[in-house]
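Raw data-v7.pdb, PDB, C-alpha atoms:
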```
ATOM      1  CA  MET Q 605      19.492  25.239   6.026
ATOM      2  CA  THR Q 606      21.579  22.763   4.087
ATOM      3  CA  VAL Q 607      21.096  19.142   3.322
ATOM      4  CA  LYS Q 608      23.701  16.741   1.985
ATOM      5  CA  PRO Q 609      22.535  14.954  -1.162
ATOM      6  CA  GLN Q 610      21.042  11.622  -0.170
ATOM      7  CA  SER Q 611      19.544   8.871  -2.296
ATOM      8  CA  LEU Q 612      17.083   6.053  -1.864
ATOM      9  CA  ASN Q 613      16.825   3.254  -4.378
ATOM     10  CA  ILE Q 614      13.632   1.204  -4.441
ATOM     11  CA  GLU Q 615      12.099  -1.592  -6.492
ATOM     12  CA  SER Q 616       9.078  -0.416  -8.460
ATOM     13  CA  ARG Q 617       6.462  -1.778  -6.081
ATOM     14  CA  THR Q 618       3.633   0.188  -4.521
ATOM     15  CA  GLU Q 619       4.408  -1.260  -1.077
ATOM     16  CA  ARG Q 620       7.642   0.758  -1.170
ATOM     17  CA  LEU Q 621       5.768   4.081  -1.352
ATOM     18  CA  ILE Q 622       5.641   4.295   2.420
ATOM     19  CA  ALA Q 623       9.458   4.117   2.600
ATOM     20  CA  VAL Q 624       9.704   6.828  -0.067
ATOM     21  CA  ARG Q 625       7.429   9.132   1.934
ATOM     22  CA  GLU Q 626       9.414   8.528   5.122
ATOM     23  CA  PHE Q 627      12.739   9.191   3.398
ATOM     24  CA  VAL Q 628      11.557  12.425   1.760
ATOM     25  CA  SER Q 629       9.691  13.656   4.853
ATOM     26  CA  SER Q 630      12.736  13.235   7.039
ATOM     27  CA  ALA Q 631      14.982  15.091   4.542
ATOM     28  CA  ALA Q 632      12.439  17.912   4.089
ATOM     29  CA  ARG Q 633      12.136  18.318   7.842
ATOM     30  CA  SER Q 634      15.924  18.528   8.222
ATOM     31  CA  PHE Q 635      15.940  21.128   5.450
ATOM     32  CA  GLY Q 636      13.710  23.316   7.607
ATOM     33  CA  PHE Q 637      10.155  22.766   6.347
ATOM     34  CA  GLY Q 638       7.213  22.688   8.742
ATOM     35  CA  ASP Q 639       4.681  19.853   8.960
ATOM     36  CA  GLU Q 640       2.351  21.196   6.285
ATOM     37  CA  ASP Q 641       5.059  21.581   3.651
ATOM     38  CA  VAL Q 642       6.644  18.262   4.620
ATOM     39  CA  SER Q 643       3.275  16.571   3.913
ATOM     40  CA  LYS Q 644       2.943  18.374   0.577
ATOM     41  CA  ILE Q 645       6.419  17.334  -0.563
ATOM     42  CA  ALA Q 646       5.903  13.702   0.513
ATOM     43  CA  LEU Q 647       2.593  13.563  -1.384
ATOM     44  CA  ALA Q 648       4.119  15.070  -4.541
ATOM     45  CA  VAL Q 649       6.951  12.510  -4.491
ATOM     46  CA  ASP Q 650       4.470   9.666  -3.862
ATOM     47  CA  GLU Q 651       2.514  10.815  -6.939
ATOM     48  CA  ALA Q 652       5.676  10.910  -9.079
ATOM     49  CA  CYS Q 653       6.706   7.389  -7.987
ATOM     50  CA  THR Q 654       3.169   6.034  -8.430
ATOM     51  CA  ASN Q 655       3.155   7.362 -12.015
ATOM     52  CA  ILE Q 656       6.473   5.639 -12.703
ATOM     53  CA  ILE Q 657       5.301   2.311 -11.265
ATOM     54  CA  LYS Q 658       2.065   2.470 -13.277
ATOM     55  CA  HIS Q 659       3.099   4.104 -16.543
ATOM     56  CA  ALA Q 660       6.863   3.837 -17.046
ATOM     57  CA  TYR Q 661       7.203   0.307 -15.637
ATOM     58  CA  ARG Q 662       3.611  -0.920 -15.972
ATOM     59  CA  PHE Q 663       3.764  -2.638 -12.587
ATOM     60  CA  ASP Q 664       6.911  -4.630 -13.388
ATOM     61  CA  PRO Q 665       8.302  -5.079  -9.843
ATOM     62  CA  GLY Q 666      11.815  -5.932 -11.048
ATOM     63  CA  LYS Q 667      12.641  -2.347 -12.051
ATOM     64  CA  SER Q 668      14.150   0.383  -9.942
ATOM     65  CA  ILE Q 669      13.484   3.987  -9.029
ATOM     66  CA  THR Q 670      16.067   6.332  -7.536
ATOM     67  CA  ILE Q 671      15.019   9.255  -5.362
ATOM     68  CA  THR Q 672      17.654  11.873  -4.571
ATOM     69  CA  VAL Q 673      17.201  14.911  -2.338
ATOM     70  CA  ARG Q 674      19.536  17.871  -2.569
ATOM     71  CA  ASN Q 675      19.920  21.586  -2.104
ATOM     72  CA  ARG Q 676      19.501  23.501  -5.366
ATOM     73  CA  ASN Q 677      20.510  27.117  -4.937
ATOM     74  CA  GLY Q 678      18.858  27.259  -1.553
ATOM     75  CA  ALA Q 679      15.719  25.382  -2.579
ATOM     76  CA  PHE Q 680      14.829  21.796  -1.739
ATOM     77  CA  GLU Q 681      14.955  19.543  -4.775
ATOM     78  CA  VAL Q 682      13.839  15.941  -5.140
ATOM     79  CA  VAL Q 683      15.056  14.151  -8.264
ATOM     80  CA  ILE Q 684      13.223  10.970  -9.224
ATOM     81  CA  GLN Q 685      14.781   8.752 -11.891
ATOM     82  CA  ASP Q 686      13.499   5.720 -13.734
ATOM     83  CA  PHE Q 687      14.651   3.744 -16.734
ATOM     84  CA  GLY Q 688      11.273   2.749 -18.127
ATOM     85  CA  ARG Q 689       8.998   3.808 -20.952
ATOM     86  CA  GLU Q 690       9.059   7.427 -21.846
ATOM     87  CA  PHE Q 691       6.317   9.240 -20.017
ATOM     88  CA  ASP Q 692       6.164  12.960 -20.474
ATOM     89  CA  PRO Q 693       3.704  14.436 -18.028
ATOM     90  CA  GLN Q 694       4.355  17.836 -19.628
ATOM     91  CA  LYS Q 695       2.098  16.596 -22.386
ATOM     92  CA  VAL Q 696      -0.677  16.084 -19.856
ATOM     93  CA  PRO Q 697      -2.733  19.269 -19.988
ATOM     94  CA  THR Q 698      -3.609  20.851 -16.681
ATOM     95  CA  PRO Q 699      -7.218  19.838 -16.226
ATOM     96  CA  ASP Q 700      -9.979  22.278 -15.448
ATOM     97  CA  MET Q 701     -10.925  20.633 -12.149
ATOM     98  CA  GLN Q 702     -14.571  21.611 -12.264
ATOM     99  CA  GLU Q 703     -14.931  20.173 -15.748
ATOM    100  CA  TYR Q 704     -12.920  17.148 -14.662
ATOM    101  CA  LEU Q 705     -14.990  16.413 -11.587
ATOM    102  CA  SER Q 706     -18.293  16.884 -13.366
ATOM    103  CA  HIS Q 707     -17.367  13.964 -15.596
ATOM    104  CA  PHE Q 708     -16.240  11.755 -12.720
ATOM    105  CA  ARG Q 709     -12.955  11.062 -14.448
ATOM    106  CA  ARG Q 710     -10.343   9.011 -12.754
ATOM    107  CA  GLY Q 711      -6.582   9.132 -13.048
ATOM    108  CA  GLY Q 712      -4.418  12.039 -14.162
ATOM    109  CA  LEU Q 713      -4.929  13.655 -10.787
ATOM    110  CA  GLY Q 714      -1.348  12.915  -9.753
ATOM    111  CA  VAL Q 715       0.279  15.289 -12.237
ATOM    112  CA  TYR Q 716      -2.132  18.045 -11.255
ATOM    113  CA  LEU Q 717      -1.328  17.464  -7.572
ATOM    114  CA  MET Q 718       2.427  17.559  -8.167
ATOM    115  CA  LYS Q 719       2.128  20.928  -9.903
ATOM    116  CA  SER Q 720      -0.118  22.297  -7.170
ATOM    117  CA  LEU Q 721       1.978  21.086  -4.242
ATOM    118  CA  MET Q 722       5.433  22.125  -5.439
ATOM    119  CA  ASP Q 723       6.855  25.439  -6.634
ATOM    120  CA  LYS Q 724       8.319  23.917  -9.763
ATOM    121  CA  VAL Q 725       8.183  20.601 -11.609
ATOM    122  CA  GLU Q 726      10.748  19.844 -14.320
ATOM    123  CA  TYR Q 727      11.249  16.859 -16.573
ATOM    124  CA  ALA Q 728      14.427  15.648 -18.231
ATOM    125  CA  ILE Q 729      13.836  12.750 -20.575
ATOM    126  CA  VAL Q 730      16.467  10.862 -22.530
ATOM    127  CA  PRO Q 731      14.258   8.668 -24.763
ATOM    128  CA  GLY Q 732      14.871   4.979 -24.241
ATOM    129  CA  LYS Q 733      17.418   5.646 -21.504
ATOM    130  CA  LYS Q 734      16.043   7.446 -18.512
ATOM    131  CA  ASN Q 735      13.325   9.740 -17.292
ATOM    132  CA  GLU Q 736      13.902  12.302 -14.615
ATOM    133  CA  VAL Q 737      11.327  14.325 -12.685
ATOM    134  CA  ARG Q 738      12.581  17.174 -10.517
ATOM    135  CA  LEU Q 739      10.345  18.567  -7.828
ATOM    136  CA  ILE Q 740      11.424  21.861  -6.310
ATOM    137  CA  LYS Q 741      10.149  23.722  -3.279
ATOM    138  CA  ASN Q 742      11.435  26.895  -1.629
ATOM    139  CA  LEU Q 743      11.456  27.398   2.096
ATOM    140  CA  PRO Q 744       8.785  29.872   3.177
ATOM    141  CA  ARG Q 745      10.263  33.336   3.785
TER     142      ARG Q 745
ATOM    143  CA  MET U 447      -1.696  -4.990   5.206
ATOM    144  CA  ALA U 448      -0.828  -3.241   8.427
ATOM    145  CA  ASP U 449      -0.631   0.277   7.017
ATOM    146  CA  PHE U 450      -4.305   0.571   6.039
ATOM    147  CA  ARG U 451      -7.424  -0.896   7.581
ATOM    148  CA  ILE U 452     -11.154  -0.668   6.968
ATOM    149  CA  ALA U 453     -13.776  -1.459   9.574
ATOM    150  CA  GLN U 454     -17.326  -1.768   8.343
ATOM    151  CA  ARG U 455     -20.500  -1.430  10.391
ATOM    152  CA  GLU U 456     -24.128  -0.490   9.992
ATOM    153  CA  ARG U 457     -25.792   2.496  11.621
ATOM    154  CA  ASP U 458     -29.504   3.221  11.053
ATOM    155  CA  SER U 459     -29.437   1.231   7.785
ATOM    156  CA  ILE U 460     -26.452   3.242   6.611
ATOM    157  CA  GLN U 461     -23.145   1.549   5.896
ATOM    158  CA  VAL U 462     -20.206   3.115   7.680
ATOM    159  CA  LEU U 463     -16.648   2.500   6.520
ATOM    160  CA  GLU U 464     -14.011   3.565   9.018
ATOM    161  CA  LEU U 465     -10.656   4.130   7.371
ATOM    162  CA  LYS U 466      -7.446   3.915   9.294
ATOM    163  CA  GLY U 467      -3.874   4.586   8.190
ATOM    164  CA  TYR U 468      -2.409   5.325   4.793
ATOM    165  CA  LEU U 469      -4.460   5.281   1.600
ATOM    166  CA  ASP U 470      -2.092   5.213  -1.383
ATOM    167  CA  ALA U 471      -1.622   3.279  -4.628
ATOM    168  CA  HIS U 472      -0.728   0.194  -2.611
ATOM    169  CA  THR U 473      -3.735   0.185  -0.311
ATOM    170  CA  ALA U 474      -6.391   1.724  -2.622
ATOM    171  CA  PRO U 475      -7.443  -1.701  -4.032
ATOM    172  CA  LYS U 476      -8.607  -2.632  -0.547
ATOM    173  CA  LEU U 477     -11.023   0.322  -0.463
ATOM    174  CA  GLU U 478     -12.093  -0.476  -3.996
ATOM    175  CA  GLU U 479     -12.991  -3.995  -2.885
ATOM    176  CA  ALA U 480     -15.009  -2.653   0.055
ATOM    177  CA  PHE U 481     -17.054  -0.405  -2.257
ATOM    178  CA  GLN U 482     -17.524  -3.232  -4.743
ATOM    179  CA  ASN U 483     -18.938  -5.426  -1.998
ATOM    180  CA  LEU U 484     -21.347  -2.706  -0.875
ATOM    181  CA  LEU U 485     -22.593  -2.149  -4.421
ATOM    182  CA  LYS U 486     -22.896  -5.858  -5.080
ATOM    183  CA  THR U 487     -25.167  -6.191  -2.071
ATOM    184  CA  GLU U 488     -27.079  -3.063  -3.130
ATOM    185  CA  ARG U 489     -26.143  -0.914  -0.188
ATOM    186  CA  PHE U 490     -25.885   2.585  -1.550
ATOM    187  CA  ASN U 491     -26.129   4.821   1.519
ATOM    188  CA  ILE U 492     -22.527   5.034   2.626
ATOM    189  CA  VAL U 493     -20.633   7.135   5.148
ATOM    190  CA  VAL U 494     -16.841   7.061   5.077
ATOM    191  CA  ASN U 495     -15.487   8.039   8.478
ATOM    192  CA  CYS U 496     -11.973   9.438   7.947
ATOM    193  CA  ARG U 497     -11.112  10.111  11.599
ATOM    194  CA  ASP U 498      -8.109   7.793  11.627
ATOM    195  CA  LEU U 499      -7.113   8.294   8.014
ATOM    196  CA  SER U 500      -3.579   9.692   8.195
ATOM    197  CA  TYR U 501      -2.827  10.063   4.516
ATOM    198  CA  ILE U 502      -4.441  10.047   1.083
ATOM    199  CA  SER U 503      -2.915  10.256  -2.398
ATOM    200  CA  SER U 504      -4.624  10.545  -5.777
ATOM    201  CA  ALA U 505      -4.908   6.752  -5.964
ATOM    202  CA  GLY U 506      -7.226   6.905  -2.939
ATOM    203  CA  LEU U 507      -9.174   9.870  -4.305
ATOM    204  CA  GLY U 508      -9.600   7.953  -7.550
ATOM    205  CA  VAL U 509     -11.516   5.219  -5.719
ATOM    206  CA  PHE U 510     -14.159   7.744  -4.601
ATOM    207  CA  MET U 511     -14.334   9.044  -8.161
ATOM    208  CA  ALA U 512     -14.843   5.526  -9.480
ATOM    209  CA  PHE U 513     -17.909   4.741  -7.377
ATOM    210  CA  ILE U 514     -19.763   7.987  -6.726
ATOM    211  CA  GLU U 515     -21.610   8.043 -10.034
ATOM    212  CA  ASP U 516     -22.832   4.491  -9.696
ATOM    213  CA  VAL U 517     -23.915   5.008  -6.094
ATOM    214  CA  ARG U 518     -25.908   8.150  -6.985
ATOM    215  CA  LYS U 519     -27.491   6.426  -9.958
ATOM    216  CA  HIS U 520     -28.998   4.106  -7.372
ATOM    217  CA  ARG U 521     -30.209   7.095  -5.331
ATOM    218  CA  GLY U 522     -27.550   6.681  -2.707
ATOM    219  CA  ASP U 523     -24.542   8.749  -1.739
ATOM    220  CA  ILE U 524     -21.030   8.514  -0.355
ATOM    221  CA  LYS U 525     -20.695  11.063   2.448
ATOM    222  CA  LEU U 526     -17.332  11.750   4.017
ATOM    223  CA  SER U 527     -16.898  12.687   7.662
ATOM    224  CA  ASN U 528     -14.377  13.421  10.417
ATOM    225  CA  MET U 529     -11.540  14.450   8.097
ATOM    226  CA  THR U 530      -8.344  15.788   9.621
ATOM    227  CA  PRO U 531      -7.257  19.147   8.141
ATOM    228  CA  LYS U 532      -4.314  17.408   6.449
ATOM    229  CA  VAL U 533      -6.540  14.961   4.559
ATOM    230  CA  PHE U 534      -9.183  17.630   3.870
ATOM    231  CA  ASN U 535      -6.522  19.838   2.228
ATOM    232  CA  VAL U 536      -5.876  17.181  -0.418
ATOM    233  CA  PHE U 537      -9.601  16.824  -1.186
ATOM    234  CA  ASP U 538      -9.879  20.607  -1.251
ATOM    235  CA  LEU U 539      -6.929  21.099  -3.585
ATOM    236  CA  LEU U 540      -8.724  19.010  -6.183
ATOM    237  CA  GLY U 541     -12.080  20.698  -5.701
ATOM    238  CA  PHE U 542     -13.753  17.625  -4.248
ATOM    239  CA  PRO U 543     -15.926  19.606  -1.814
ATOM    240  CA  LEU U 544     -17.943  20.715  -4.865
ATOM    241  CA  LEU U 545     -18.857  17.177  -5.675
ATOM    242  CA  TYR U 546     -18.860  15.324  -2.374
ATOM    243  CA  ASP U 547     -20.791  15.887   0.790
ATOM    244  CA  ILE U 548     -17.995  16.367   3.332
ATOM    245  CA  VAL U 549     -19.334  16.869   6.854
ATOM    246  CA  LYS U 550     -17.950  17.434  10.312
ATOM    247  CA  ASP U 551     -18.830  14.122  11.911
ATOM    248  CA  GLU U 552     -20.576  10.825  11.379
ATOM    249  CA  GLN U 553     -23.694  11.948  13.230
ATOM    250  CA  GLU U 554     -24.143  14.811  10.776
ATOM    251  CA  ALA U 555     -23.675  12.479   7.827
ATOM    252  CA  VAL U 556     -26.323  10.090   9.114
ATOM    253  CA  GLN U 557     -28.617  13.031   9.843
ATOM    254  CA  ARG U 558     -28.278  14.272   6.268
ATOM    255  CA  PHE U 559     -29.298  10.916   4.881
ATOM    256  CA  ARG U 560     -32.307  10.985   7.164
ATOM    257  CA  GLU U 561     -33.418  14.579   6.649
ATOM    258  CA  ILE U 562     -32.700  15.627   3.125
ATOM    259  CA  GLY U 563     -32.155  12.235   1.609
ATOM    260  CA  PRO U 564     -29.214  11.233  -0.480
ATOM    261  CA  ARG U 565     -27.937  13.858  -2.897
ATOM    262  CA  GLY U 566     -29.093  11.822  -5.868
ATOM    263  CA  ARG U 567     -32.689  12.432  -4.865
ATOM    264  CA  GLU U 568     -32.430  16.175  -4.509
TER     265      GLU U 568
END
```
Show how you would write the structure in this file as structure tokens.
Amino acid sequence: MTVKPQSLNIESRTERLIAVREFVSSAARSFGFGDEDVSKIALAVDEACTNIIKHAYRFDPGKSITITVRNRNGAFEVVIQDFGREFDPQKVPTPDMQEYLSHFRRGGLGVYLMKSLMDKVEYAIVPGKKNEVRLIKNLPR
Amino acid sequence: MADFRIAQRERDSIQVLELKGYLDAHTAPKLEEAFQNLLKTERFNIVVNCRDLSYISSAGLGVFMAFIEDVRKHRGDIKLSNMTPKVFNVFDLLGFPLLYDIVKDEQEAVQRFREIGPRGRE
């Protein structure tokens, strides 16, 4: 199934997360995903935006985030752009969850969730200019 | 905040928090406040009823992580009940069932406090 590229631009405020989830869920559903995958994609995008609000923009509500959904060679791709501090989640090691939980650590769960929920997570960072996270999921065969 | 609500009540000396709606980075501080109030008033036997919880992100999971150690230090526990499969999947993905007592319903959670005592005492 195809989907025309569509974008949503939001201010970097946590109250906008609900609109992000609705936008992405609706696009994923049109693309052909079932409820379970739609939920996974919406959660992954929520985690990406939450990281931007917290780390790239440090809760400055005057900044913006752009979320674009598009078809990438038959897969569903969500591109999330910000213009804040460089944050390279690739440098965040994948935690050993058992080790992690036994120390009651908090935070850092978002990156782990994004990797677990999507088929592929890519980052394109132009230092000082923009950060881009690309979340990719294939339709089940 | 219309998208997330907490109702608190007491059942057999156990504090029950009923969560309703969407628990994300925006609404997590509200749950954090509810736990802080329980700890401040030294109520450490807590059941979180998730029947009407539609959504949880890592910001919500982080709140449970933040308080569980403290609660168990005081020989209490946070038991989670009535999770929908959708919400349970997120807990499961992160391995939370290893650390938290997640039970079918509120009755079972209360029963576990009564019979085997809070996990911290085991």
Item to check | Residue nearest Asp650 in chain Q among U:Cys496, U:Ala474, U:Ser503, U:Ala453 (counting only C-alpha atoms) | outcome: U:Ser503
Checklist entry - Mind pulling up the distance from CA of Gly688 in chain Q to CA of Leu540 in chain U? => result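 These atoms are spaced 28.4 Å apart.
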Item to check | the PyMOL selection byres ((chain Q and resi 628) around 10) applied to the shown file, residues as an NGL selection string | outcome: :Q and (610-612 or 623-627 or 629-634 or 642-643 or 645-647 or 649-650 or 671-673 or 682)
Checklist entry - Counting only C-alpha atoms, which residues of chain U come no farther than 7 Å from chain Q, as a list in words? => result Ala471, His472, Ser503, Ser504, Gly508, Met511, Ala512, Leu540 and Gly541 of chain U
Keeping C-alpha atoms, export the residues of the selection given above as a PDB file, keeping the file's coordinate frame.
```
ATOM      1  CA  ALA U 471      -1.622   3.279  -4.628  1.00  0.00           C
ATOM      2  CA  HIS U 472      -0.728   0.194  -2.611  1.00  0.00           C
ATOM      3  CA  SER U 503      -2.915  10.256  -2.398  1.00  0.00           C
ATOM      4  CA  SER U 504      -4.624  10.545  -5.777  1.00  0.00           C
ATOM      5  CA  GLY U 508      -9.600   7.953  -7.550  1.00  0.00           C
ATOM      6  CA  MET U 511     -14.334   9.044  -8.161  1.00  0.00           C
ATOM      7  CA  ALA U 512     -14.843   5.526  -9.480  1.00  0.00           C
ATOM      8  CA  LEU U 540      -8.724  19.010  -6.183  1.00  0.00           C
ATOM      9  CA  GLY U 541     -12.080  20.698  -5.701  1.00  0.00           C
TER      10      GLY U 541
END
```
Checklist entry - What does the PyMOL selection byres ((chain Q and resi 686) around 10) select in this file, as a VMD selection string? => result chain Q and resid 616 653 656 to 657 660 to 661 667 to 671 684 to 685 687 to 690 729 733 to 737
Residues from the last selection, C-alpha atoms, saved as a PDB file, keeping the file's coordinate frame:
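Contents of result.pdb, freshly written:
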```
ATOM      1  CA  SER Q 616       9.078  -0.416  -8.460  1.00  0.00           C
ATOM      2  CA  CYS Q 653       6.706   7.389  -7.987  1.00  0.00           C
ATOM      3  CA  ILE Q 656       6.473   5.639 -12.703  1.00  0.00           C
ATOM      4  CA  ILE Q 657       5.301   2.311 -11.265  1.00  0.00           C
ATOM      5  CA  ALA Q 660       6.863   3.837 -17.046  1.00  0.00           C
ATOM      6  CA  TYR Q 661       7.203   0.307 -15.637  1.00  0.00           C
ATOM      7  CA  LYS Q 667      12.641  -2.347 -12.051  1.00  0.00           C
ATOM      8  CA  SER Q 668      14.150   0.383  -9.942  1.00  0.00           C
ATOM      9  CA  ILE Q 669      13.484   3.987  -9.029  1.00  0.00           C
ATOM     10  CA  THR Q 670      16.067   6.332  -7.536  1.00  0.00           C
ATOM     11  CA  ILE Q 671      15.019   9.255  -5.362  1.00  0.00           C
ATOM     12  CA  ILE Q 684      13.223  10.970  -9.224  1.00  0.00           C
ATOM     13  CA  GLN Q 685      14.781   8.752 -11.891  1.00  0.00           C
ATOM     14  CA  PHE Q 687      14.651   3.744 -16.734  1.00  0.00           C
ATOM     15  CA  GLY Q 688      11.273   2.749 -18.127  1.00  0.00           C
ATOM     16  CA  ARG Q 689       8.998   3.808 -20.952  1.00  0.00           C
ATOM     17  CA  GLU Q 690       9.059   7.427 -21.846  1.00  0.00           C
ATOM     18  CA  ILE Q 729      13.836  12.750 -20.575  1.00  0.00           C
ATOM     19  CA  LYS Q 733      17.418   5.646 -21.504  1.00  0.00           C
ATOM     20  CA  LYS Q 734      16.043   7.446 -18.512  1.00  0.00           C
ATOM     21  CA  ASN Q 735      13.325   9.740 -17.292  1.00  0.00           C
ATOM     22  CA  GLU Q 736      13.902  12.302 -14.615  1.00  0.00           C
ATOM     23  CA  VAL Q 737      11.327  14.325 -12.685  1.00  0.00           C
TER      24      VAL Q 737
END
```
Next on the checklist: So the first atom is CA of Val536 in chain U and the second is CA of Tyr501 in chain U; what is the distance between them in Å, to one decimal place?
Outcome noted: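 These atoms are spaced 9.2 Å apart.
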Item to check | Polymer residues at most 12 Å from Asp523 in chain U, all atoms listed in the file, same-chain spacing of 2 or more positions, as a PyMOL selection string | outcome: chain U and resi 460-462+481+484-485+489-494+510+513-521+525-526+545-548+555-556+558-559+562-568
Selected residues written out, C-alpha atoms, as a PDB file, in the coordinates of the input:
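What landed in out_13.pdb:
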```
ATOM      1  CA  ILE U 460     -26.452   3.242   6.611  1.00  0.00           C
ATOM      2  CA  GLN U 461     -23.145   1.549   5.896  1.00  0.00           C
ATOM      3  CA  VAL U 462     -20.206   3.115   7.680  1.00  0.00           C
ATOM      4  CA  PHE U 481     -17.054  -0.405  -2.257  1.00  0.00           C
ATOM      5  CA  LEU U 484     -21.347  -2.706  -0.875  1.00  0.00           C
ATOM      6  CA  LEU U 485     -22.593  -2.149  -4.421  1.00  0.00           C
ATOM      7  CA  ARG U 489     -26.143  -0.914  -0.188  1.00  0.00           C
ATOM      8  CA  PHE U 490     -25.885   2.585  -1.550  1.00  0.00           C
ATOM      9  CA  ASN U 491     -26.129   4.821   1.519  1.00  0.00           C
ATOM     10  CA  ILE U 492     -22.527   5.034   2.626  1.00  0.00           C
ATOM     11  CA  VAL U 493     -20.633   7.135   5.148  1.00  0.00           C
ATOM     12  CA  VAL U 494     -16.841   7.061   5.077  1.00  0.00           C
ATOM     13  CA  PHE U 510     -14.159   7.744  -4.601  1.00  0.00           C
ATOM     14  CA  PHE U 513     -17.909   4.741  -7.377  1.00  0.00           C
ATOM     15  CA  ILE U 514     -19.763   7.987  -6.726  1.00  0.00           C
ATOM     16  CA  GLU U 515     -21.610   8.043 -10.034  1.00  0.00           C
ATOM     17  CA  ASP U 516     -22.832   4.491  -9.696  1.00  0.00           C
ATOM     18  CA  VAL U 517     -23.915   5.008  -6.094  1.00  0.00           C
ATOM     19  CA  ARG U 518     -25.908   8.150  -6.985  1.00  0.00           C
ATOM     20  CA  LYS U 519     -27.491   6.426  -9.958  1.00  0.00           C
ATOM     21  CA  HIS U 520     -28.998   4.106  -7.372  1.00  0.00           C
ATOM     22  CA  ARG U 521     -30.209   7.095  -5.331  1.00  0.00           C
ATOM     23  CA  LYS U 525     -20.695  11.063   2.448  1.00  0.00           C
ATOM     24  CA  LEU U 526     -17.332  11.750   4.017  1.00  0.00           C
ATOM     25  CA  LEU U 545     -18.857  17.177  -5.675  1.00  0.00           C
ATOM     26  CA  TYR U 546     -18.860  15.324  -2.374  1.00  0.00           C
ATOM     27  CA  ASP U 547     -20.791  15.887   0.790  1.00  0.00           C
ATOM     28  CA  ILE U 548     -17.995  16.367   3.332  1.00  0.00           C
ATOM     29  CA  ALA U 555     -23.675  12.479   7.827  1.00  0.00           C
ATOM     30  CA  VAL U 556     -26.323  10.090   9.114  1.00  0.00           C
ATOM     31  CA  ARG U 558     -28.278  14.272   6.268  1.00  0.00           C
ATOM     32  CA  PHE U 559     -29.298  10.916   4.881  1.00  0.00           C
ATOM     33  CA  ILE U 562     -32.700  15.627   3.125  1.00  0.00           C
ATOM     34  CA  GLY U 563     -32.155  12.235   1.609  1.00  0.00           C
ATOM     35  CA  PRO U 564     -29.214  11.233  -0.480  1.00  0.00           C
ATOM     36  CA  ARG U 565     -27.937  13.858  -2.897  1.00  0.00           C
ATOM     37  CA  GLY U 566     -29.093  11.822  -5.868  1.00  0.00           C
ATOM     38  CA  ARG U 567     -32.689  12.432  -4.865  1.00  0.00           C
ATOM     39  CA  GLU U 568     -32.430  16.175  -4.509  1.00  0.00           C
TER      40      GLU U 568
END
```
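Taken over the whole file, the PyMOL selection byres ((chain Q and resi 724-728) around 8) covers exactly Asp692, Gln694, Met718, Lys719, Met722, Asp723, Ile729, Val730, Asn735, Glu736, Val737, Arg738, Leu739, Ile740 and Lys741 of chain Q.
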Checklist entry - Mind pulling up the distance from CA of Ile502 in chain U to CA of Val533 in chain U? => result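 These atoms are spaced 6.4 Å apart.
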Item to check | Neighbour list for Thr530 in chain U as a PyMOL selection string, cut-off 8 Å, only C-alpha atoms, skip fewer than 2 positions in-chain | outcome: chain U and resi 496-497+499-500+528+532-534
Item to check | Minimum-distance residue to Val509 in chain U, chosen among U:Leu463, U:Ile452, U:Leu477, U:Leu544 (using only C-alpha atoms) | outcome: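 When distances to Val509 in chain U are compared using only C-alpha atoms, the smallest one comes from U:Leu477.
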Checklist entry - Nearest to Ser459 in chain U: which of U:Met529, U:Glu488, U:Phe542, U:Asn495 is it, counting only C-alpha atoms? => result U:Glu488
